[in-house]
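start_14.cif follows; it contains mmCIF, C-alpha atoms.
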data_run
loop_
_atom_site.label_atom_id
_atom_site.label_comp_id
_atom_site.auth_asym_id
_atom_site.auth_seq_id
_atom_site.Cartn_x
_atom_site.Cartn_y
_atom_site.Cartn_z
CA MET A 178 -28.66 28.69 -29.63
CA LYS A 179 -30.48 27.10 -26.70
CA LYS A 180 -28.55 23.94 -27.32
CA THR A 181 -25.28 25.82 -27.21
CA MET A 182 -26.30 27.52 -23.96
CA THR A 183 -27.12 24.19 -22.37
CA ALA A 184 -23.85 22.75 -23.53
CA LEU A 185 -21.95 25.73 -22.20
CA THR A 186 -23.76 25.59 -18.85
CA LEU A 187 -23.03 21.89 -18.61
CA ALA A 188 -19.39 22.49 -19.45
CA ALA A 189 -19.23 25.21 -16.80
CA VAL A 190 -20.82 22.96 -14.20
CA LEU A 191 -18.48 20.13 -15.08
CA ALA A 192 -15.48 22.41 -15.00
CA PHE A 193 -16.54 23.86 -11.68
CA SER A 194 -17.37 20.58 -9.99
CA GLY A 195 -14.22 18.95 -11.30
CA HIS A 196 -12.26 21.81 -9.88
CA ALA A 197 -14.01 21.65 -6.54
CA PHE A 198 -13.44 17.94 -6.11
CA ALA A 199 -9.88 17.75 -7.27
CA HIS A 200 -8.84 20.82 -5.37
CA SER A 201 -10.11 21.01 -1.84
CA PRO A 202 -8.45 23.39 0.60
CA LEU A 203 -6.59 21.99 3.59
CA MET A 204 -5.10 23.69 6.61
CA SER A 205 -3.34 22.46 9.70
CA CYS A 206 -2.33 24.65 12.68
CA PHE A 207 0.01 24.09 15.62
CA ASP A 208 0.68 25.89 18.86
CA ASN A 209 4.44 26.41 18.83
CA GLY A 210 4.56 26.60 22.61
CA ASP A 211 6.10 30.08 22.56
CA ASN A 212 2.85 32.04 22.31
CA THR A 213 2.84 31.78 18.54
CA VAL A 214 0.72 29.67 16.23
CA THR A 215 1.80 28.33 12.84
CA CYS A 216 -0.71 27.35 10.17
CA GLU A 217 0.13 25.46 7.01
CA GLY A 218 -2.14 25.42 4.01
CA GLY A 219 -2.40 23.53 0.81
CA PHE A 220 -4.76 21.95 -1.67
CA SER A 221 -5.59 18.29 -2.10
CA ASP A 222 -4.06 18.30 -5.59
CA GLY A 223 -0.74 19.45 -4.20
CA SER A 224 -1.00 23.02 -5.41
CA SER A 225 0.45 25.82 -3.33
CA ALA A 226 -1.54 27.97 -0.92
CA SER A 227 0.99 30.77 -1.20
CA GLY A 228 -0.79 34.14 -1.11
CA VAL A 229 -4.06 32.78 0.29
CA LYS A 230 -5.63 35.20 2.79
CA ILE A 231 -5.69 34.17 6.45
CA HIS A 232 -8.01 35.80 8.98
CA VAL A 233 -7.70 35.31 12.70
CA LEU A 234 -11.00 36.17 14.41
CA ASP A 235 -11.94 36.50 18.06
CA ALA A 236 -15.08 34.95 19.61
CA SER A 237 -17.25 37.87 18.44
CA GLY A 238 -15.97 37.56 14.90
CA LYS A 239 -13.76 40.63 15.14
CA SER A 240 -10.66 40.42 13.03
CA LEU A 241 -7.46 40.14 15.04
CA VAL A 242 -4.95 39.36 12.33
CA GLU A 243 -5.13 39.75 8.56
CA THR A 244 -2.30 38.08 6.72
CA LYS A 245 -1.39 35.78 3.84
CA MET A 246 0.25 32.40 3.45
CA ASN A 247 3.93 32.88 2.63
CA GLU A 248 5.78 31.23 -0.25
CA ASP A 249 6.00 27.97 1.74
CA SER A 250 2.21 28.06 2.28
CA GLU A 251 2.74 28.84 5.96
CA VAL A 252 1.90 31.66 8.32
CA THR A 253 2.90 32.32 11.92
CA PHE A 254 1.11 34.78 14.21
CA ASP A 255 0.95 35.66 17.91
CA LYS A 256 -1.47 33.42 19.75
CA PRO A 257 -4.57 35.41 20.75
CA ALA A 258 -5.30 35.57 24.50
CA GLY A 259 -8.95 34.47 24.34
CA ASP A 260 -11.05 32.20 22.12
CA TYR A 261 -10.24 32.52 18.44
CA LYS A 262 -10.51 30.85 15.10
CA VAL A 263 -8.35 30.81 11.99
CA VAL A 264 -9.94 31.13 8.56
CA PHE A 265 -8.17 30.02 5.39
CA ASP A 266 -9.89 32.23 2.82
CA GLY A 267 -9.35 30.52 -0.53
CA GLY A 268 -12.47 32.09 -2.04
CA GLU A 269 -15.95 30.68 -2.34
CA GLY A 270 -16.07 26.94 -1.62
CA HIS A 271 -12.40 27.02 -0.72
CA SER A 272 -12.42 28.09 2.91
CA VAL A 273 -11.34 26.21 6.00
CA GLU A 274 -11.92 27.24 9.60
CA ILE A 275 -10.04 25.89 12.59
CA ASN A 276 -11.04 26.66 16.16
CA GLY A 277 -8.31 27.88 18.47
CA ALA A 278 -9.33 25.24 21.01
CA ASP A 279 -8.29 22.56 18.49
CA ILE A 280 -4.87 24.10 17.95
CA VAL A 281 -2.48 22.33 20.29
CA GLU A 282 1.25 21.75 20.62
CA MET B 12 9.22 -50.46 6.56
CA LYS B 13 12.42 -48.48 6.46
CA LYS B 14 12.21 -48.13 2.71
CA ARG B 15 8.83 -46.47 3.00
CA PHE B 16 10.32 -43.82 5.26
CA ILE B 17 13.00 -42.77 2.83
CA PRO B 18 10.71 -41.16 0.25
CA LEU B 19 8.86 -39.50 3.08
CA LEU B 20 12.07 -38.07 4.47
CA ALA B 21 13.15 -36.98 1.01
CA ALA B 22 9.80 -35.28 0.53
CA LEU B 23 10.17 -33.50 3.86
CA CYS B 24 13.65 -32.31 2.91
CA VAL B 25 12.34 -30.95 -0.39
CA LEU B 26 9.50 -29.21 1.38
CA THR B 27 11.88 -27.64 3.87
CA VAL B 28 14.15 -26.34 1.15
CA VAL B 29 11.24 -25.03 -0.88
CA GLY B 30 9.82 -23.42 2.23
CA SER B 31 12.99 -21.51 2.93
CA ALA B 32 13.08 -20.27 -0.63
CA PHE B 33 10.02 -18.11 -0.04
CA ALA B 34 10.32 -14.41 -0.08
CA HIS B 35 12.55 -12.75 2.44
CA PHE B 36 10.92 -9.40 2.96
CA MET B 37 12.28 -6.26 4.51
CA VAL B 38 9.39 -4.88 6.52
CA VAL B 39 9.31 -1.18 7.36
CA TYR B 40 6.12 -0.76 9.29
CA THR B 41 3.99 1.71 11.20
CA PRO B 42 0.31 0.98 11.86
CA GLU B 43 -1.15 3.81 9.71
CA ILE B 44 0.22 5.60 6.63
CA ALA B 45 -2.71 7.93 5.83
CA LEU B 46 -2.85 10.21 8.87
CA SER B 47 -5.35 13.01 9.44
CA GLN B 48 -2.79 14.88 11.49
CA GLY B 49 0.81 14.49 12.49
CA GLY B 50 2.00 12.85 15.69
CA ASP B 51 4.64 10.55 17.12
CA LEU B 52 5.28 7.71 14.73
CA ASP B 53 6.16 4.27 16.05
CA MET B 54 8.07 2.34 13.40
CA ARG B 55 9.53 -1.15 13.10
CA ILE B 56 12.19 -2.53 10.80
CA VAL B 57 12.17 -6.33 10.54
CA PHE B 58 13.62 -8.75 7.99
CA THR B 59 11.17 -11.62 7.92
CA HIS B 60 8.59 -13.60 5.96
CA PRO B 61 5.43 -11.55 6.54
CA ALA B 62 3.03 -13.91 4.76
CA GLU B 63 3.92 -16.73 7.11
CA ALA B 64 5.19 -15.01 10.29
CA GLY B 65 8.19 -17.09 9.38
CA HIS B 66 11.94 -17.11 9.73
CA THR B 67 13.26 -13.76 10.98
CA MET B 68 16.74 -12.80 9.84
CA ASP B 69 19.61 -10.60 10.94
CA MET B 70 19.62 -7.79 8.37
CA GLY B 71 23.17 -6.75 9.29
CA GLY B 72 22.15 -3.50 10.97
CA VAL B 73 20.69 -0.31 9.53
CA GLU B 74 23.05 1.62 7.26
CA GLU B 75 20.71 4.49 6.48
CA PHE B 76 17.29 5.53 7.68
CA TYR B 77 15.86 8.86 6.64
CA VAL B 78 12.76 10.59 5.35
CA MET B 79 12.22 12.83 2.33
CA LYS B 80 9.42 15.25 3.28
CA GLN B 81 7.46 17.36 0.87
CA ARG B 82 4.25 19.32 0.83
CA GLY B 83 2.71 20.60 -2.37
CA ASP B 84 5.26 22.08 -4.74
CA ALA B 85 7.83 23.00 -2.08
CA GLU B 86 11.32 21.50 -2.17
CA ALA B 87 11.66 18.01 -0.70
CA ARG B 88 13.65 18.03 2.54
CA LYS B 89 15.78 15.15 3.82
CA VAL B 90 15.81 14.42 7.55
CA ASP B 91 18.15 11.78 8.95
CA LEU B 92 16.43 9.44 11.41
CA MET B 93 19.34 7.25 12.55
CA GLN B 94 19.28 8.84 16.01
CA TYR B 95 15.88 7.26 16.65
CA VAL B 96 16.85 3.71 15.65
CA LYS B 97 17.01 1.21 18.52
CA GLU B 98 17.79 -2.48 18.44
CA ILE B 99 15.00 -4.79 19.56
CA THR B 100 14.28 -8.50 19.38
CA TRP B 101 11.49 -9.46 17.01
CA LYS B 102 9.70 -12.67 18.02
CA ASN B 103 7.74 -14.68 15.52
CA PRO B 104 6.12 -17.96 16.64
CA GLU B 105 9.06 -20.09 15.50
CA SER B 106 11.87 -17.63 15.02
CA SER B 107 13.25 -14.53 16.65
CA ASN B 108 16.10 -12.24 15.70
CA LYS B 109 17.54 -8.75 15.89
CA ALA B 110 15.31 -6.03 14.49
CA PHE B 111 14.87 -2.30 15.03
CA SER B 112 12.35 0.17 16.32
CA ALA B 113 12.21 3.92 15.80
CA MET B 114 9.94 6.36 17.60
CA ILE B 115 9.88 9.36 15.32
CA PRO B 116 8.82 12.42 17.36
CA LYS B 117 5.92 14.61 16.34
CA LYS B 118 8.21 17.50 15.49
CA GLU B 119 9.42 15.48 12.48
CA VAL B 120 5.94 14.33 11.40
CA ARG B 121 3.89 17.43 12.14
CA SER B 122 3.39 19.10 8.79
CA MET B 123 0.89 18.10 6.16
CA GLY B 124 2.36 16.41 3.10
CA ASP B 125 4.21 13.29 2.03
CA TYR B 126 6.89 11.45 3.96
CA VAL B 127 8.99 9.02 1.95
CA PHE B 128 10.84 6.85 4.46
CA VAL B 129 13.95 5.11 3.17
CA MET B 130 15.72 2.29 4.99
CA LYS B 131 18.97 0.84 3.70
CA PRO B 132 19.98 -2.18 5.74
CA GLY B 133 23.35 -3.89 5.96
CA TYR B 134 23.94 -7.26 4.35
CA TYR B 135 22.28 -10.56 5.19
CA PHE B 136 24.12 -13.77 4.32
CA GLU B 137 21.81 -16.50 3.09
CA GLU B 138 23.89 -19.56 3.95
CA GLU B 139 21.85 -22.10 2.03
CA GLU B 140 22.29 -20.24 -1.23
CA GLY B 141 25.69 -18.74 -0.45
CA VAL B 142 24.52 -15.24 -1.39
CA TYR B 143 24.22 -11.90 0.34
CA MET B 144 20.97 -9.95 0.30
CA GLN B 145 20.32 -6.25 0.80
CA GLN B 146 16.73 -5.03 0.51
CA ILE B 147 16.46 -1.25 0.31
CA ALA B 148 12.95 -0.41 1.46
CA LYS B 149 10.58 2.53 1.06
CA LEU B 150 7.42 3.34 2.99
CA ILE B 151 5.39 6.38 1.95
CA LEU B 152 3.13 8.14 4.44
CA ASN B 153 0.84 11.15 4.15
CA VAL B 154 -0.39 13.64 6.71
CA GLY B 155 -3.49 15.74 6.16
CA GLY B 156 -4.19 14.90 2.53
CA VAL B 157 -1.87 17.41 0.87
CA PRO B 158 0.19 15.31 -1.53
CA GLY B 159 3.89 15.78 -2.18
CA ASN B 160 6.73 13.68 -3.50
CA TRP B 161 5.11 10.23 -3.44
CA ALA B 162 5.67 9.73 -7.18
CA ASP B 163 9.22 11.11 -7.27
CA PRO B 164 12.23 8.81 -7.35
CA VAL B 165 14.44 9.34 -4.29
CA GLY B 166 17.55 8.50 -6.30
CA LEU B 167 18.35 5.21 -4.59
CA PRO B 168 20.63 2.56 -6.16
CA CYS B 169 17.38 0.72 -6.86
CA GLU B 170 13.80 1.58 -5.98
CA ILE B 171 10.15 1.05 -6.79
CA VAL B 172 8.40 4.30 -7.74
CA PRO B 173 4.60 4.22 -7.44
CA LEU B 174 2.30 5.70 -10.09
CA ILE B 175 -0.72 5.59 -7.78
CA LYS B 176 -0.77 7.13 -4.30
CA PRO B 177 0.55 4.26 -2.20
CA TYR B 178 -1.19 5.45 0.97
CA GLY B 179 -4.58 6.07 -0.67
CA LEU B 180 -5.46 2.70 -2.18
CA TRP B 181 -8.86 1.05 -2.16
CA THR B 182 -9.21 -2.71 -2.21
CA GLY B 183 -9.49 -3.65 -5.89
CA ASN B 184 -7.34 -0.78 -7.14
CA VAL B 185 -4.52 -1.59 -9.48
CA PHE B 186 -1.13 -0.82 -8.01
CA LYS B 187 1.16 0.46 -10.72
CA ALA B 188 4.81 1.29 -10.22
CA GLN B 189 8.12 1.50 -12.05
CA VAL B 190 11.24 -0.37 -11.01
CA LEU B 191 14.40 1.71 -11.33
CA SER B 192 18.07 0.81 -11.08
CA GLU B 193 20.33 3.86 -10.84
CA GLY B 194 17.39 5.88 -12.12
CA LYS B 195 16.78 3.75 -15.21
CA PRO B 196 13.78 1.44 -15.75
CA VAL B 197 14.49 -2.28 -15.40
CA ALA B 198 12.76 -4.47 -17.98
CA GLY B 199 11.83 -8.04 -17.11
CA ALA B 200 12.69 -7.77 -13.42
CA GLU B 201 11.23 -10.41 -11.13
CA VAL B 202 9.04 -8.83 -8.46
CA GLU B 203 7.76 -10.83 -5.51
CA VAL B 204 4.49 -9.81 -3.87
CA GLU B 205 3.39 -10.78 -0.39
CA TYR B 206 0.41 -9.96 1.76
CA MET B 207 1.01 -9.16 5.43
CA SER B 208 -1.21 -11.99 6.63
CA HIS B 209 0.24 -11.88 10.14
CA MET B 210 -0.09 -8.29 11.30
CA PRO B 211 2.90 -7.00 13.25
CA ASP B 212 2.16 -6.21 16.88
CA VAL B 213 4.23 -3.20 17.89
CA LYS B 214 3.48 -3.69 21.59
CA THR B 215 4.98 -7.18 21.75
CA ASN B 216 7.31 -6.87 18.73
CA SER B 217 5.94 -10.04 17.22
CA MET B 218 3.70 -11.51 14.57
CA PRO B 219 0.83 -13.79 15.63
CA ALA B 220 0.81 -17.46 14.64
CA LYS B 221 -2.64 -17.19 13.08
CA SER B 222 -2.82 -16.13 9.45
CA SER B 223 -5.63 -13.95 8.14
CA VAL B 224 -5.44 -15.80 4.82
CA GLU B 225 -5.79 -19.45 3.88
CA TYR B 226 -3.31 -20.26 1.15
CA PRO B 227 -4.54 -23.07 -1.10
CA GLN B 228 -1.04 -23.83 -2.33
CA ASP B 229 2.47 -22.43 -2.02
CA SER B 230 2.27 -20.38 -5.22
CA PHE B 231 -0.20 -18.08 -3.48
CA ILE B 232 2.07 -17.21 -0.56
CA THR B 233 4.59 -15.32 -2.67
CA GLN B 234 3.13 -14.14 -5.93
CA THR B 235 5.53 -13.37 -8.73
CA ILE B 236 5.13 -10.70 -11.38
CA PHE B 237 7.56 -9.26 -13.91
CA THR B 238 8.19 -5.71 -15.03
CA ASP B 239 7.30 -4.93 -18.63
CA ALA B 240 9.68 -3.55 -21.26
CA ASP B 241 9.56 -0.11 -19.61
CA GLY B 242 10.04 -1.38 -16.07
CA TYR B 243 6.39 -1.09 -14.99
CA ILE B 244 4.52 -3.49 -12.75
CA THR B 245 0.76 -3.67 -12.38
CA PHE B 246 -0.96 -5.58 -9.62
CA GLY B 247 -4.66 -5.70 -8.73
CA ILE B 248 -5.08 -5.53 -4.97
CA PRO B 249 -7.57 -8.19 -3.87
CA LYS B 250 -7.72 -7.53 -0.13
CA ALA B 251 -7.46 -4.67 2.33
CA GLY B 252 -4.26 -4.50 4.33
CA TRP B 253 -0.55 -4.33 3.65
CA TRP B 254 1.08 -5.46 0.43
CA GLY B 255 4.82 -5.72 -0.08
CA PHE B 256 6.63 -5.66 -3.41
CA ALA B 257 10.26 -6.73 -3.77
CA ALA B 258 12.12 -6.32 -7.07
CA LEU B 259 14.89 -8.90 -6.91
CA GLY B 260 18.50 -8.29 -7.84
CA VAL B 261 17.79 -5.00 -9.60
CA GLY B 262 20.43 -2.96 -7.77
CA PRO B 263 23.77 -2.10 -9.38
CA ASP B 264 25.85 -3.90 -6.72
CA LYS B 265 26.20 -7.56 -7.65
CA GLU B 266 28.90 -8.71 -5.23
CA TYR B 267 29.70 -8.35 -1.55
CA LYS B 268 32.74 -9.81 0.20
CA GLY B 269 33.47 -11.98 -2.82
CA LYS B 270 30.01 -13.52 -2.84
CA GLU B 271 27.02 -12.92 -5.05
CA LEU B 272 24.77 -10.11 -3.81
CA SER B 273 21.08 -9.65 -4.49
CA GLN B 274 20.40 -5.94 -4.04
CA ASP B 275 16.62 -5.62 -4.01
CA ALA B 276 14.10 -2.77 -3.97
CA VAL B 277 11.11 -3.04 -1.63
CA ILE B 278 7.99 -0.94 -1.18
CA TRP B 279 5.02 -1.43 1.15
CA VAL B 280 1.54 -0.10 0.42
CA LYS B 281 -1.75 -0.31 2.28
CA ALA B 282 -5.26 -0.74 0.89
CA GLU B 283 -8.55 0.06 2.63
CA ASP B 284 -12.01 -1.40 2.03
CA MET B 285 -14.70 0.98 0.74
CA LYS B 286 -17.34 1.23 3.42
#
What is this file in structure tokens?
Amino acid sequence: MKKTMTALTLAAVLAFSGHAFAHSPLMSCFDNGDNTVTCEGGFSDGSSASGVKIHVLDASGKSLVETKMNEDSEVTFDKPAGDYKVVFDGGEGHSVEINGADIVE
Amino acid sequence: MKKRFIPLLAALCVLTVVGSAFAHFMVVYTPEIALSQGGDLDMRIVFTHPAEAGHTMDMGGVEEFYVMKQRGDAEARKVDLMQYVKEITWKNPESSNKAFSAMIPKKEVRSMGDYVFVMKPGYYFEEEEGVYMQQIAKLILNVGGVPGNWADPVGLPCEIVPLIKPYGLWTGNVFKAQVLSEGKPVAGAEVEVEYMSHMPDVKTNSMPAKSSVEYPQDSFITQTIFTDADGYITFGIPKAGWWGFAALGVGPDKEYKGKELSQDAVIWVKAEDMK
């Protein structure tokens, strides 16, 4: 029984780590120059980010926009007036944050 | 005295002829093909001998230049790039000729994903052999690490389709690819391989005289491999930098203006050292 448990744990760890390595989240955002920002998401194995939650937060961490990546793994939102960051919320170990200051035309 | 010169002259003639028989390579170049983020892309299109910074040839203009873009599992999108193509003069130490530059604006290379650039030149007449050449070239670039259509055939008359990400190679990796003619694998095709031992300088539109490689003998300048029964090539990459592969005469067109035509498929890949 113990042996089986160890084997199962090992399998789980392997499965999890394999997943994490082969499938890292990626996001890239642009200032469209018309007071909107577009973010594109994806995973390093080429899989779609469609439906992944996107949070836009202000400097205090307050949520400004709650949305999801569309079927093309993209999202466009109004550019916040002050400091902000965009969070690609792909679940635990699958999040990416981009600072508004790094989002340029 | 005179008699002794004759064999020498004959030897020189043979050397000259052999020299000119080395690989003519269509070079489609931009300094980096694995980009962290998109930006303006400065490209060059030159028909030359990249392992020797050698004879540069008139490719007969650019017939088609476009990119197939794809991110993840979205549809690939074709964008024509002919509007960005400009004629330049490419100057190698001993030879200069017409070539082309293209400054692709950031708006076309902004998104993450793969960019499969395709360049179909006109026809080059090789006078010594009395044959025309047309080398249809691919260069595959990635932005941001999200892969796309790098392993998909574009559907060219002839092309080399990689089975390993061509922009993510380490030195020592094995490059594997399939040679296709009208979508079908070509068995036993001759594929020439050259290392870009004279790195193109996009500021001066030239290649330097100094080679980064010492070639012990001519066989090492242009390596030759053959496709297997299913059209695959495999090639271990011994050094970081740019490697060009040209599958000779694999295209469906065999004649141009009443002369023999060699319609070739070219791909360029880049390897990085592990540090």
Set out as a tab-separated table a contact list for chain A and chain B with a cut-off of 12 Å, giving each residue of chain A that qualifies its closest atom pair and distance in Å to one decimal, counting all atoms listed in the file, ordered by chain and rising residue number.
residue	atom	partner	partner_atom	distance
A:Ala199	CA	B:Val157	CA	11.4
A:His200	CA	B:Val157	CA	10.0
A:Ser201	CA	B:Val157	CA	9.4
A:Pro202	CA	B:Val157	CA	8.9
A:Leu203	CA	B:Val157	CA	7.1
A:Met204	CA	B:Gly155	CA	8.1
A:Ser205	CA	B:Met123	CA	7.0
A:Cys206	CA	B:Ser122	CA	8.9
A:Phe207	CA	B:Arg121	CA	8.5
A:Asp208	CA	B:Arg121	CA	11.3
A:Asn209	CA	B:Lys118	CA	10.2
A:Thr215	CA	B:Ser122	CA	10.2
A:Cys216	CA	B:Ser122	CA	9.3
A:Glu217	CA	B:Ser122	CA	7.4
A:Gly218	CA	B:Met123	CA	8.2
A:Gly219	CA	B:Val157	CA	6.1
A:Phe220	CA	B:Val157	CA	6.0
A:Ser221	CA	B:Val157	CA	4.8
A:Asp222	CA	B:Pro158	CA	6.6
A:Gly223	CA	B:Gly83	CA	4.1
A:Ser224	CA	B:Gly83	CA	5.4
A:Ser225	CA	B:Gly83	CA	5.8
A:Ala226	CA	B:Gly83	CA	8.6
A:Ser227	CA	B:Asp84	CA	10.3
A:Asn247	CA	B:Ala85	CA	11.6
A:Glu248	CA	B:Ala85	CA	8.7
A:Asp249	CA	B:Ala85	CA	6.5
A:Ser250	CA	B:Ala85	CA	8.7
A:Glu251	CA	B:Ser122	CA	10.2
A:Asp279	CA	B:Gln48	CA	11.8
A:Ile280	CA	B:Gln48	CA	11.4
A:Val281	CA	B:Arg121	CA	11.4
A:Glu282	CA	B:Lys117	CA	9.5
Long-range neighbours of Lys245 of chain A as a PDB file with C-alpha atoms, keeping the file's coordinate frame, 8 Å cut-off, all atoms listed in the file, 6 positions minimum in chain:
ATOM      1  CA  SER A 227       0.990  30.770  -1.200  1.00  0.00           C
ATOM      2  CA  GLY A 228      -0.790  34.140  -1.110  1.00  0.00           C
ATOM      3  CA  VAL A 229      -4.060  32.780   0.290  1.00  0.00           C
ATOM      4  CA  LYS A 230      -5.630  35.200   2.790  1.00  0.00           C
ATOM      5  CA  ILE A 231      -5.690  34.170   6.450  1.00  0.00           C
ATOM      6  CA  VAL A 252       1.900  31.660   8.320  1.00  0.00           C
TER       7      VAL A 252
END
Practice item. Pick out the residues sitting within 10 Å of Lys195 of chain B, and hand them over as a PyMOL selection string; count only C-alpha atoms, and ignore anything fewer than 4 positions along from it in its own chain. Key: chain B and resi 168-170+189-191+241-242
Practice item. Would you translate the PyMOL selection byres ((chain B and resi 248-264) around 8) into the concrete set of residues it matches in this file, as a VMD selection string? Key: chain B and resid 36 146 168 to 169 171 181 to 186 190 to 193 197 200 to 207 246 to 247 265 to 267 272 to 284
Check your understanding: Which neighbours of Pro257 of chain A fall inside 10 Å, counting only C-alpha atoms, when residues of the same chain fewer than 2 positions from it are skipped, and could you give them as a ChimeraX atom specification?
Key -> /A:212-214,233-235,241-242,254-255,259-262,277
Point to revise | Atom pair atom CA of Val213 of chain B / atom CA of Ala34 of chain B: separation (Å) | key: 22.0 Å
